[in-house]
$ cat my_file-v7.cif   # mmCIF, C-alpha atoms and all ligand atoms
data_input
#
loop_
_atom_site.label_atom_id
_atom_site.label_comp_id
_atom_site.auth_asym_id
_atom_site.auth_seq_id
_atom_site.Cartn_x
_atom_site.Cartn_y
_atom_site.Cartn_z
CA MET V 1 124.90 140.76 90.14
CA ARG V 2 125.81 140.99 86.47
CA ARG V 3 125.04 144.64 85.85
CA PHE V 4 126.97 144.92 82.67
CA PRO V 5 128.38 141.84 81.02
CA MET V 6 130.64 144.24 79.23
CA LEU V 7 133.21 142.50 77.13
CA SER V 8 135.75 144.96 75.88
CA LEU V 9 138.45 143.61 73.69
CA LEU V 10 141.38 145.92 73.54
CA LEU V 11 144.94 145.46 72.60
CA VAL V 12 147.31 146.16 75.40
CA LEU V 13 150.20 147.70 73.57
CA LEU V 14 151.68 149.51 76.53
CA CYS V 15 154.18 146.93 77.48
CA GLY V 16 156.28 146.38 74.37
CA PRO V 17 156.15 143.72 71.68
CA ALA V 18 156.68 140.68 73.91
CA GLN V 19 153.69 141.55 76.02
CA ALA V 20 151.55 142.56 73.11
CA GLN V 21 151.57 139.01 71.81
CA THR V 22 149.95 137.58 74.87
CA GLN V 23 148.36 140.30 77.01
CA ALA V 24 145.78 140.76 74.36
CA HIS V 25 142.50 140.82 76.21
CA ALA V 26 141.03 142.98 78.89
CA GLN V 27 137.59 142.11 80.12
CA GLY V 28 135.45 144.24 82.40
CA PHE V 29 133.07 143.16 85.13
CA ASN V 30 131.18 145.02 87.79
CA SER V 31 131.38 144.46 91.50
CA GLU V 32 130.26 146.04 94.74
CA ALA V 33 133.66 147.75 95.03
CA GLY V 34 133.54 149.06 91.47
CA ALA V 35 134.61 147.92 88.03
CA ILE V 36 136.95 144.95 87.81
CA ASP V 37 139.46 144.48 85.04
CA VAL V 38 140.54 141.02 83.99
CA ILE V 39 143.71 140.87 81.91
CA GLU V 40 144.86 137.72 80.18
CA ILE V 41 148.51 137.21 81.05
CA ALA V 42 149.05 133.92 79.25
CA HIS V 43 147.25 131.12 77.47
CA GLY V 44 148.14 127.78 75.96
CA LEU V 45 148.39 125.95 79.27
CA GLU V 46 146.74 122.51 79.28
CA HIS V 47 144.51 122.19 82.33
CA PRO V 48 146.76 124.22 84.61
CA TRP V 49 146.21 123.37 88.27
CA SER V 50 148.53 125.41 90.47
CA LEU V 51 150.52 128.59 90.31
CA ALA V 52 153.44 129.63 92.54
CA PHE V 53 155.21 132.97 92.27
CA LEU V 54 158.98 132.83 92.08
CA PRO V 55 160.95 135.60 93.84
CA ASP V 56 161.66 137.27 90.48
CA GLY V 57 157.94 137.55 89.68
CA ARG V 58 157.80 134.69 87.20
CA MET V 59 155.21 132.00 87.78
CA LEU V 60 155.70 128.30 88.20
CA VAL V 61 152.63 126.53 86.82
CA THR V 62 151.60 122.88 86.89
CA GLU V 63 149.58 121.35 84.09
CA ARG V 64 147.52 118.41 85.26
CA PRO V 65 148.69 116.04 82.47
CA GLY V 66 152.12 116.14 84.12
CA ARG V 67 154.04 119.21 83.05
CA LEU V 68 155.65 122.07 84.92
CA ARG V 69 156.31 125.37 83.16
CA ILE V 70 157.58 128.82 83.98
CA VAL V 71 155.58 131.78 82.73
CA THR V 72 156.90 135.33 82.67
CA GLN V 73 154.82 138.37 83.59
CA ALA V 74 154.97 139.17 79.88
CA GLY V 75 153.16 135.91 79.21
CA ALA V 76 155.99 133.89 77.70
CA VAL V 77 155.37 130.22 78.48
CA SER V 78 158.47 128.04 78.81
CA ALA V 79 158.95 124.59 77.39
CA PRO V 80 158.01 121.85 79.87
CA LEU V 81 160.64 121.58 82.59
CA SER V 82 162.52 118.30 82.55
CA GLY V 83 162.57 115.85 85.43
CA VAL V 84 158.88 115.75 86.40
CA PRO V 85 157.96 112.21 87.46
CA THR V 86 155.34 110.21 85.58
CA VAL V 87 151.90 111.03 86.90
CA TYR V 88 148.56 109.24 86.89
CA ALA V 89 146.82 111.75 84.64
CA ARG V 90 143.32 110.33 84.40
CA GLY V 91 140.07 111.64 85.82
CA GLN V 92 140.98 114.17 88.47
CA GLY V 93 144.52 112.86 88.78
CA GLY V 94 147.73 114.34 87.51
CA LEU V 95 150.25 116.93 88.57
CA LEU V 96 148.43 119.05 91.15
CA ASP V 97 149.78 121.61 93.60
CA VAL V 98 153.20 123.24 93.63
CA VAL V 99 154.65 125.52 96.32
CA LEU V 100 158.07 126.93 97.10
CA ALA V 101 159.98 125.83 100.18
CA PRO V 102 160.14 128.55 102.83
CA ASP V 103 163.90 128.71 102.21
CA PHE V 104 163.55 128.62 98.42
CA ALA V 105 165.79 131.66 97.93
CA GLN V 106 168.71 129.59 99.25
CA SER V 107 167.65 126.01 98.51
CA ARG V 108 165.79 126.41 95.18
CA ARG V 109 163.58 123.64 96.53
CA ILE V 110 159.97 123.20 95.44
CA TYR V 111 157.27 120.86 96.73
CA PHE V 112 154.57 119.33 94.60
CA CYS V 113 151.89 116.67 94.82
CA TYR V 114 150.52 114.41 92.15
CA GLY V 115 148.51 111.34 91.39
CA GLU V 116 151.14 108.65 91.35
CA PRO V 117 150.70 105.46 89.33
CA ARG V 118 151.29 102.47 91.63
CA GLY V 119 150.73 99.39 89.52
CA ASP V 120 147.08 98.41 89.86
CA THR V 121 146.41 101.40 92.08
CA ASN V 122 147.31 105.05 92.32
CA GLY V 123 147.49 107.62 95.05
CA THR V 124 148.52 111.11 96.00
CA THR V 125 152.25 111.52 96.53
CA ILE V 126 154.24 114.53 97.74
CA ALA V 127 157.75 115.19 96.50
CA HIS V 128 160.36 117.87 96.65
CA ALA V 129 162.92 118.78 94.01
CA ARG V 130 165.44 121.42 93.12
CA LEU V 131 164.38 123.95 90.50
CA GLY V 132 166.93 124.70 87.81
CA ASP V 133 166.76 126.84 84.69
CA SER V 134 165.14 124.26 82.46
CA GLY V 135 164.23 121.39 84.72
CA ILE V 136 163.93 119.97 88.18
CA SER V 137 166.43 117.62 89.76
CA ASP V 138 166.91 115.60 92.94
CA VAL V 139 163.24 114.62 92.89
CA THR V 140 162.48 112.91 96.20
CA ALA V 141 159.10 111.52 97.20
CA ILE V 142 158.62 112.31 100.89
CA PHE V 143 155.07 111.07 101.45
CA ARG V 144 152.73 108.56 99.83
CA GLN V 145 149.05 108.52 100.73
CA GLN V 146 148.02 105.08 101.99
CA PRO V 147 146.40 103.00 100.78
CA GLY V 148 146.63 103.40 97.02
CA MET V 149 143.27 102.95 95.33
CA ASP V 150 142.06 102.04 91.86
CA SER V 151 140.19 105.34 91.45
CA ARG V 152 140.23 108.40 89.22
CA HIS V 153 138.68 110.63 91.83
CA HIS V 154 139.37 112.78 94.88
CA PHE V 155 143.13 113.13 95.04
CA GLY V 156 142.99 116.51 96.84
CA CYS V 157 145.62 118.08 96.94
CA ARG V 158 146.86 121.37 98.30
CA LEU V 159 150.15 121.94 100.05
CA VAL V 160 150.58 124.71 102.61
CA PHE V 161 153.62 125.48 104.73
CA ALA V 162 152.75 126.49 108.27
CA ASN V 163 154.61 129.27 110.02
CA ASP V 164 156.59 126.70 112.00
CA GLY V 165 157.95 125.18 108.78
CA THR V 166 155.80 122.05 108.82
CA LEU V 167 153.82 121.15 105.72
CA TYR V 168 150.08 120.55 105.55
CA ALA V 169 148.57 118.56 102.71
CA THR V 170 144.91 117.92 101.93
CA LEU V 171 144.19 114.37 100.79
CA GLY V 172 140.91 113.24 99.25
CA GLU V 173 139.07 110.04 100.14
CA ARG V 174 139.36 108.74 96.57
CA ASN V 175 135.56 108.39 96.50
CA LYS V 176 135.79 104.62 96.99
CA GLY V 177 137.33 105.22 100.41
CA ARG V 178 134.65 107.45 101.80
CA ALA V 179 133.94 105.38 104.92
CA GLN V 180 137.66 105.35 105.66
CA ALA V 181 137.60 109.13 106.02
CA GLN V 182 136.26 108.36 109.51
CA THR V 183 139.00 105.95 110.56
CA LEU V 184 142.55 106.85 111.49
CA ASP V 185 144.43 103.87 110.07
CA ASN V 186 144.69 105.42 106.59
CA ASP V 187 145.25 108.71 104.77
CA LEU V 188 141.91 108.87 102.94
CA GLY V 189 139.93 112.06 103.52
CA LYS V 190 142.57 113.56 105.78
CA VAL V 191 144.65 116.63 106.28
CA ILE V 192 148.16 115.58 107.15
CA ARG V 193 151.03 117.51 108.70
CA ILE V 194 154.60 116.48 108.05
CA ARG V 195 158.02 118.07 108.35
CA ALA V 196 159.71 119.38 105.23
CA ASP V 197 161.79 116.19 105.05
CA GLY V 198 158.72 113.97 105.31
CA THR V 199 159.17 112.94 108.93
CA ILE V 200 156.36 113.31 111.44
CA PRO V 201 156.23 116.16 113.97
CA ASP V 202 156.12 114.89 117.56
CA ASP V 203 153.22 117.18 118.41
CA ASN V 204 150.78 115.86 115.81
CA PRO V 205 147.46 114.97 117.46
CA PHE V 206 147.53 111.19 116.94
CA VAL V 207 151.20 110.50 117.58
CA GLY V 208 151.36 107.50 119.89
CA ARG V 209 147.73 106.47 119.47
CA LYS V 210 147.50 102.80 118.66
CA GLY V 211 146.20 102.10 115.18
CA ALA V 212 146.31 105.74 114.09
CA ARG V 213 148.63 107.09 111.45
CA PRO V 214 150.76 109.80 113.06
CA GLU V 215 150.76 112.13 110.04
CA ILE V 216 147.02 112.80 110.41
CA TRP V 217 146.14 116.32 111.46
CA SER V 218 142.36 116.25 110.90
CA TYR V 219 139.90 113.79 109.37
CA GLY V 220 136.41 113.31 108.00
CA HIS V 221 137.14 115.28 104.83
CA ARG V 222 135.83 114.49 101.36
CA ASN V 223 137.99 116.16 98.71
CA ALA V 224 139.79 119.38 99.53
CA GLN V 225 141.27 121.31 96.63
CA GLY V 226 141.83 124.60 98.41
CA ALA V 227 143.81 125.47 101.52
CA VAL V 228 145.65 128.51 102.79
CA LEU V 229 147.08 129.85 106.03
CA HIS V 230 145.10 132.57 107.72
CA PRO V 231 147.33 135.65 107.52
CA VAL V 232 146.83 136.56 111.19
CA SER V 233 146.03 133.36 113.11
CA GLY V 234 148.32 131.11 111.07
CA GLU V 235 145.63 128.42 111.12
CA LEU V 236 144.88 126.27 108.09
CA TRP V 237 141.74 127.40 106.33
CA MET V 238 140.52 124.94 103.75
CA HIS V 239 137.51 124.11 101.72
CA GLU V 240 136.26 120.84 100.34
CA HIS V 241 133.91 119.64 97.67
CA GLY V 242 130.61 118.29 98.92
CA PRO V 243 128.69 115.80 96.84
CA LYS V 244 125.55 117.37 95.32
CA GLY V 245 125.59 120.50 97.46
CA GLY V 246 127.44 120.96 100.71
CA ASP V 247 130.79 122.36 99.68
CA GLU V 248 132.36 123.61 102.90
CA ILE V 249 134.90 125.97 104.37
CA ASN V 250 136.57 124.72 107.55
CA ILE V 251 139.49 125.61 109.75
CA ALA V 252 141.43 122.36 110.03
CA ARG V 253 142.31 122.03 113.70
CA ALA V 254 144.41 119.35 115.35
CA GLY V 255 142.58 116.07 115.85
CA ARG V 256 139.15 117.32 114.82
CA ASN V 257 136.62 115.30 112.84
CA TYR V 258 134.96 117.22 110.00
CA GLY V 259 132.21 114.69 109.61
CA TRP V 260 132.27 113.26 106.09
CA PRO V 261 130.44 111.03 105.21
CA VAL V 262 128.40 110.90 108.44
CA ILE V 263 127.29 114.52 108.27
CA THR V 264 126.96 116.74 105.22
CA TYR V 265 124.76 119.47 103.80
CA GLY V 266 124.87 117.72 100.45
CA ARG V 267 123.10 114.78 98.88
CA GLU V 268 124.22 111.95 96.65
CA TYR V 269 124.35 112.84 92.96
CA SER V 270 121.28 110.59 92.63
CA GLY V 271 119.43 112.98 94.93
CA LEU V 272 119.24 110.45 97.77
CA ALA V 273 120.41 111.30 101.25
CA VAL V 274 124.02 110.59 102.18
CA GLY V 275 123.90 107.97 104.93
CA ASP V 276 121.26 108.93 107.46
CA GLY V 277 120.88 112.37 105.94
CA ARG V 278 122.28 114.12 108.98
CA SER V 279 124.01 117.49 108.86
CA ALA V 280 125.15 117.62 112.49
CA ALA V 281 126.41 115.15 115.06
CA GLU V 282 128.15 115.16 118.41
CA GLY V 283 131.91 115.24 118.10
CA MET V 284 131.88 116.45 114.51
CA GLU V 285 132.73 119.96 113.42
CA GLN V 286 130.28 122.23 111.66
CA PRO V 287 131.64 124.08 108.64
CA LEU V 288 132.24 127.83 108.88
CA HIS V 289 130.37 128.22 105.65
CA TYR V 290 128.75 125.94 103.11
CA TRP V 291 127.31 126.20 99.65
CA VAL V 292 124.09 124.62 98.43
CA PRO V 293 124.12 124.27 95.48
CA SER V 294 127.78 123.44 95.19
CA ILE V 295 130.07 125.94 93.53
CA ALA V 296 132.83 123.32 93.13
CA PRO V 297 135.50 125.34 94.91
CA SER V 298 139.08 125.30 93.71
CA GLY V 299 142.00 127.46 94.79
CA MET V 300 141.62 130.15 97.39
CA ALA V 301 143.55 133.07 98.76
CA PHE V 302 143.28 135.68 101.47
CA TYR V 303 143.73 139.16 100.13
CA THR V 304 146.51 140.81 102.13
CA GLY V 305 147.74 143.25 99.49
CA GLU V 306 148.04 147.01 99.64
CA ARG V 307 146.81 147.65 96.13
CA PHE V 308 143.06 147.16 96.66
CA LYS V 309 142.09 148.27 100.15
CA ALA V 310 138.44 147.34 99.57
CA TRP V 311 139.50 143.69 99.41
CA ARG V 312 141.75 143.55 102.45
CA GLY V 313 141.05 140.58 104.67
CA ASN V 314 138.65 139.04 102.14
CA LEU V 315 138.84 135.38 101.22
CA PHE V 316 138.64 134.64 97.50
CA VAL V 317 137.51 131.21 96.32
CA GLY V 318 137.41 130.07 92.71
CA SER V 319 134.42 128.17 91.35
CA LEU V 320 134.93 125.46 88.79
CA LYS V 321 131.25 124.94 88.26
CA PHE V 322 129.96 128.44 87.78
CA GLY V 323 133.03 130.17 86.44
CA GLN V 324 132.96 132.69 89.25
CA LEU V 325 135.21 134.04 91.93
CA ALA V 326 133.56 134.15 95.35
CA ARG V 327 134.62 137.10 97.49
CA LEU V 328 133.89 136.31 101.12
CA GLU V 329 133.86 138.98 103.82
CA LEU V 330 134.70 137.73 107.28
CA ASP V 331 133.97 138.86 110.78
CA GLY V 332 136.45 136.81 112.74
CA ASP V 333 135.76 133.23 111.68
CA THR V 334 132.28 133.99 110.38
CA VAL V 335 131.52 134.50 106.71
CA VAL V 336 129.22 137.53 106.67
CA HIS V 337 128.99 138.20 102.94
CA ASP V 338 129.44 136.16 99.76
CA GLU V 339 129.75 138.21 96.58
CA ARG V 340 130.19 136.45 93.25
CA LEU V 341 132.63 138.13 90.91
CA LEU V 342 133.34 137.56 87.23
CA ASP V 343 129.87 136.21 86.57
CA GLY V 344 129.66 135.37 82.89
CA ILE V 345 133.37 134.70 82.41
CA LYS V 346 132.43 131.10 81.59
CA ARG V 347 135.78 129.64 82.57
CA ARG V 348 136.48 127.05 85.25
CA ILE V 349 138.56 128.84 87.89
CA ARG V 350 141.14 126.36 89.16
CA ASP V 351 143.59 128.38 91.21
CA VAL V 352 143.54 131.73 92.98
CA ARG V 353 146.72 133.41 94.21
CA MET V 354 147.64 136.90 95.27
CA GLY V 355 150.63 138.14 93.32
CA PRO V 356 153.48 140.16 94.79
CA ASP V 357 152.05 143.15 92.91
CA GLY V 358 148.76 142.95 94.86
CA TYR V 359 146.68 141.65 91.96
CA LEU V 360 144.82 138.36 92.07
CA TYR V 361 145.97 135.74 89.61
CA LEU V 362 143.68 132.97 88.41
CA LEU V 363 144.25 129.79 86.47
CA THR V 364 141.47 128.56 84.23
CA ASP V 365 141.08 124.81 83.96
CA GLU V 366 140.67 124.33 80.24
CA ALA V 367 142.41 122.58 77.35
CA ASP V 368 143.66 126.07 76.45
CA GLY V 369 144.02 127.26 80.01
CA ARG V 370 144.88 130.80 80.92
CA ILE V 371 146.47 132.94 83.56
CA LEU V 372 144.21 135.89 84.32
CA ARG V 373 145.13 138.93 86.37
CA VAL V 374 142.23 140.46 88.29
CA GLY V 375 142.05 143.86 89.91
CA LEU V 376 139.78 146.76 90.68
CA ALA V 377 139.87 149.28 87.85
CA GLN V 378 140.15 152.27 90.15
CA GLY V 379 142.73 150.87 92.53
CA SER V 380 141.87 151.40 96.17
CA CA W 401 132.12 118.49 107.04
#
$ encode --input "my_file-v7.cif" --output "structure tokens" --more "lines below"
Ligand SMILES: [Ca+2]
Amino acid sequence: MRRFPMLSLLLVLLCGPAQAQTQAHAQGFNSEAGAIDVIEIAHGLEHPWSLAFLPDGRMLVTERPGRLRIVTQAGAVSAPLSGVPTVYARGQGGLLDVVLAPDFAQSRRIYFCYGEPRGDTNGTTIAHARLGDSGISDVTAIFRQQPGMDSRHHFGCRLVFANDGTLYATLGERNKGRAQAQTLDNDLGKVIRIRADGTIPDDNPFVGRKGARPEIWSYGHRNAQGAVLHPVSGELWMHEHGPKGGDEINIARAGRNYGWPVITYGREYSGLAVGDGRSAAEGMEQPLHYWVPSIAPSGMAFYTGERFKAWRGNLFVGSLKFGQLARLELDGDTVVHDERLLDGIKRRIRDVRMGPDGYLYLLTDEADGRILRVGLAQGS
């Protein structure tokens, strides 16, 4: 779909000297809905992983090596905030997702997840803290994925507050724990649902079942690095990395089994079949959508803004592998169209968020990672 890999470098001098330092590049791409402009808002972020908008429009950004920074719309990147716990920053581990508490305006509370060093093992941990001007305080771990593993892989993790105030988290199977994604006595390859204080809601699907961990919401997942609430249904839409092929989009529903590693549309990296090579089985959910070959999906967002009417209701999914942004059109729960945007940008897209201004904001997962603002050139 790359009709014109037009790369136009132009200085954006409209916004005053502070902006001019950083908002230096505009890049143009084509799309079915017309020309797309990509503006670089900031750079100099080391492997940024997650972006959360603060009420004043500034952005809270995690860097996977274990730093949290605030970035202004003008592109000024703060010093690292103090108080971030030590993270296991190897392989895919590190400081991962960050979200604001639903009552952030009053509480100043943020939630984040990270690979936590645990002696000979490590694991995904969820904590909350209070955000101050130059640091975070009152850091409290409210959930620790069990068991810890000696692994650099498949930490997940996305955090999503449901409309009822409970918190979903996607937890990877750590690669070594793939078989355990099918059993309920552990948190490997699971979506969990906890209350904001870390306690377990009484109406979780496995509460009271012998041998099952009560925080589990759904199971049979591989490694989910994208999750978001559907803007109308309030259900948790998520995607997960397949092995070689077979990345999936699912709606995580209470108590359901999403099949990994028993069923998959992917293969081992060696090319061999996974298990028996099945892609369907009784009692296991089929994905809404899957990608072969894998796109290596990262953040995702529903477009609910007013600014670009052509995008309303679309689901945007970043691709680490191809440096693309997938724009999915939906008919109910069915993906009816998959357009690839930003082809040729050659940057790993790590996070996708809709800003309060109705633009899409991307993080690029690079040593010199960026915040990019994406919009249609002609508005709606
Ligand atoms: Ca599956």
$ residues_near_ligand --input "my_file-v7.cif" --ligand "ligand CA 401 (chain W)" --cutoff "6 Å" --atoms "all atoms listed in the file" --output "PyMOL selection string"
chain V and resi 258-260+264+287
$ atom_distance --input "my_file-v7.cif" --atom1 "atom CA of Arg307 of chain V" --atom2 "atom CA of Arg69 of chain V"
27.5 Å
$ closest_residue --input "my_file-v7.cif" --among "V:Glu63, V:Asp120, V:Asp164, V:Asp187" --to "Gln146 of chain V" --atoms "all atoms listed in the file"
V:Asp187
$ closest_residue --input "my_file-v7.cif" --among "V:Ile142, V:Ala254, V:Ile371, V:Leu171" --to "Ile70 of chain V" --atoms "only C-alpha atoms"
V:Ile371
$ residues_near_point --input "my_file-v7.cif" --point "(142.7, 141.5, 87.3)" --cutoff "6 Å" --atoms "all atoms listed in the file" --output "PyMOL selection string"
chain V and resi 37-39+373-375
$ atom_distance --input "my_file-v7.cif" --atom1 "atom CA of Tyr111 of chain V" --atom2 "atom CA of Val98 of chain V"
5.6 Å
$ residues_around --input "my_file-v7.cif" --residues "Arg348 of chain V" --least-positions-apart "4" --cutoff "9 Å" --atoms "all atoms listed in the file" --output "PyMOL selection string"
chain V and resi 318-324+363-366
$ residues_near_point --input "my_file-v7.cif" --point "(166.6, 122.0, 93.0)" --cutoff "8 Å" --atoms "only C-alpha atoms" --output "list in words"
Ser107, Arg108, Arg109, Ile110, Ala129, Arg130, Leu131, Gly132, Ile136, Ser137 and Asp138 of chain V
$ write_last_selection --input "my_file-v7.cif" --atoms "C-alpha atoms" --output "compact mmCIF listing (two decimals), keeping the file's coordinate frame"
# COMPACT_ATOMS: atom_id res chain seq x y z
CA SER V 107 167.65 126.01 98.51
CA ARG V 108 165.79 126.41 95.18
CA ARG V 109 163.58 123.64 96.53
CA ILE V 110 159.97 123.20 95.44
CA ALA V 129 162.92 118.78 94.01
CA ARG V 130 165.44 121.42 93.12
CA LEU V 131 164.38 123.95 90.50
CA GLY V 132 166.93 124.70 87.81
CA ILE V 136 163.93 119.97 88.18
CA SER V 137 166.43 117.62 89.76
CA ASP V 138 166.91 115.60 92.94
$ residues_around --input "my_file-v7.cif" --residues "Asn257 of chain V" --least-positions-apart "6" --cutoff "8 Å" --atoms "all atoms listed in the file" --output "count of residues only"
7
$ closest_residue --input "my_file-v7.cif" --among "V:Pro214, V:Ile36, V:Pro147, V:Ala79" --to "Tyr359 of chain V" --atoms "all atoms listed in the file"
V:Ile36
$ residues_around --input "my_file-v7.cif" --residues "Pro231 of chain V" --least-positions-apart "5" --cutoff "9 Å" --atoms "all atoms listed in the file" --output "PyMOL selection string"
chain V and resi 302-304+313
$ atom_distance --input "my_file-v7.cif" --atom1 "atom CA of Gly123 of chain V" --atom2 "atom CA of Tyr265 of chain V"
27.1 Å
$ residues_around --input "my_file-v7.cif" --residues "segment 193-206 of chain V" --least-positions-apart "6" --cutoff "8 Å" --atoms "all atoms listed in the file" --output "PDB file with C-alpha atoms, in the coordinates of the input"
ATOM      1  CA  ILE V 142     158.620 112.310 100.890  1.00  0.00           C
ATOM      2  CA  PHE V 143     155.070 111.070 101.450  1.00  0.00           C
ATOM      3  CA  GLY V 165     157.950 125.180 108.780  1.00  0.00           C
ATOM      4  CA  THR V 166     155.800 122.050 108.820  1.00  0.00           C
ATOM      5  CA  LEU V 167     153.820 121.150 105.720  1.00  0.00           C
ATOM      6  CA  TYR V 168     150.080 120.550 105.550  1.00  0.00           C
ATOM      7  CA  ALA V 169     148.570 118.560 102.710  1.00  0.00           C
ATOM      8  CA  ALA V 212     146.310 105.740 114.090  1.00  0.00           C
ATOM      9  CA  ARG V 213     148.630 107.090 111.450  1.00  0.00           C
ATOM     10  CA  PRO V 214     150.760 109.800 113.060  1.00  0.00           C
ATOM     11  CA  GLU V 215     150.760 112.130 110.040  1.00  0.00           C
ATOM     12  CA  ILE V 216     147.020 112.800 110.410  1.00  0.00           C
ATOM     13  CA  TRP V 217     146.140 116.320 111.460  1.00  0.00           C
ATOM     14  CA  ALA V 254     144.410 119.350 115.350  1.00  0.00           C
ATOM     15  CA  GLY V 255     142.580 116.070 115.850  1.00  0.00           C
TER      16      GLY V 255
END
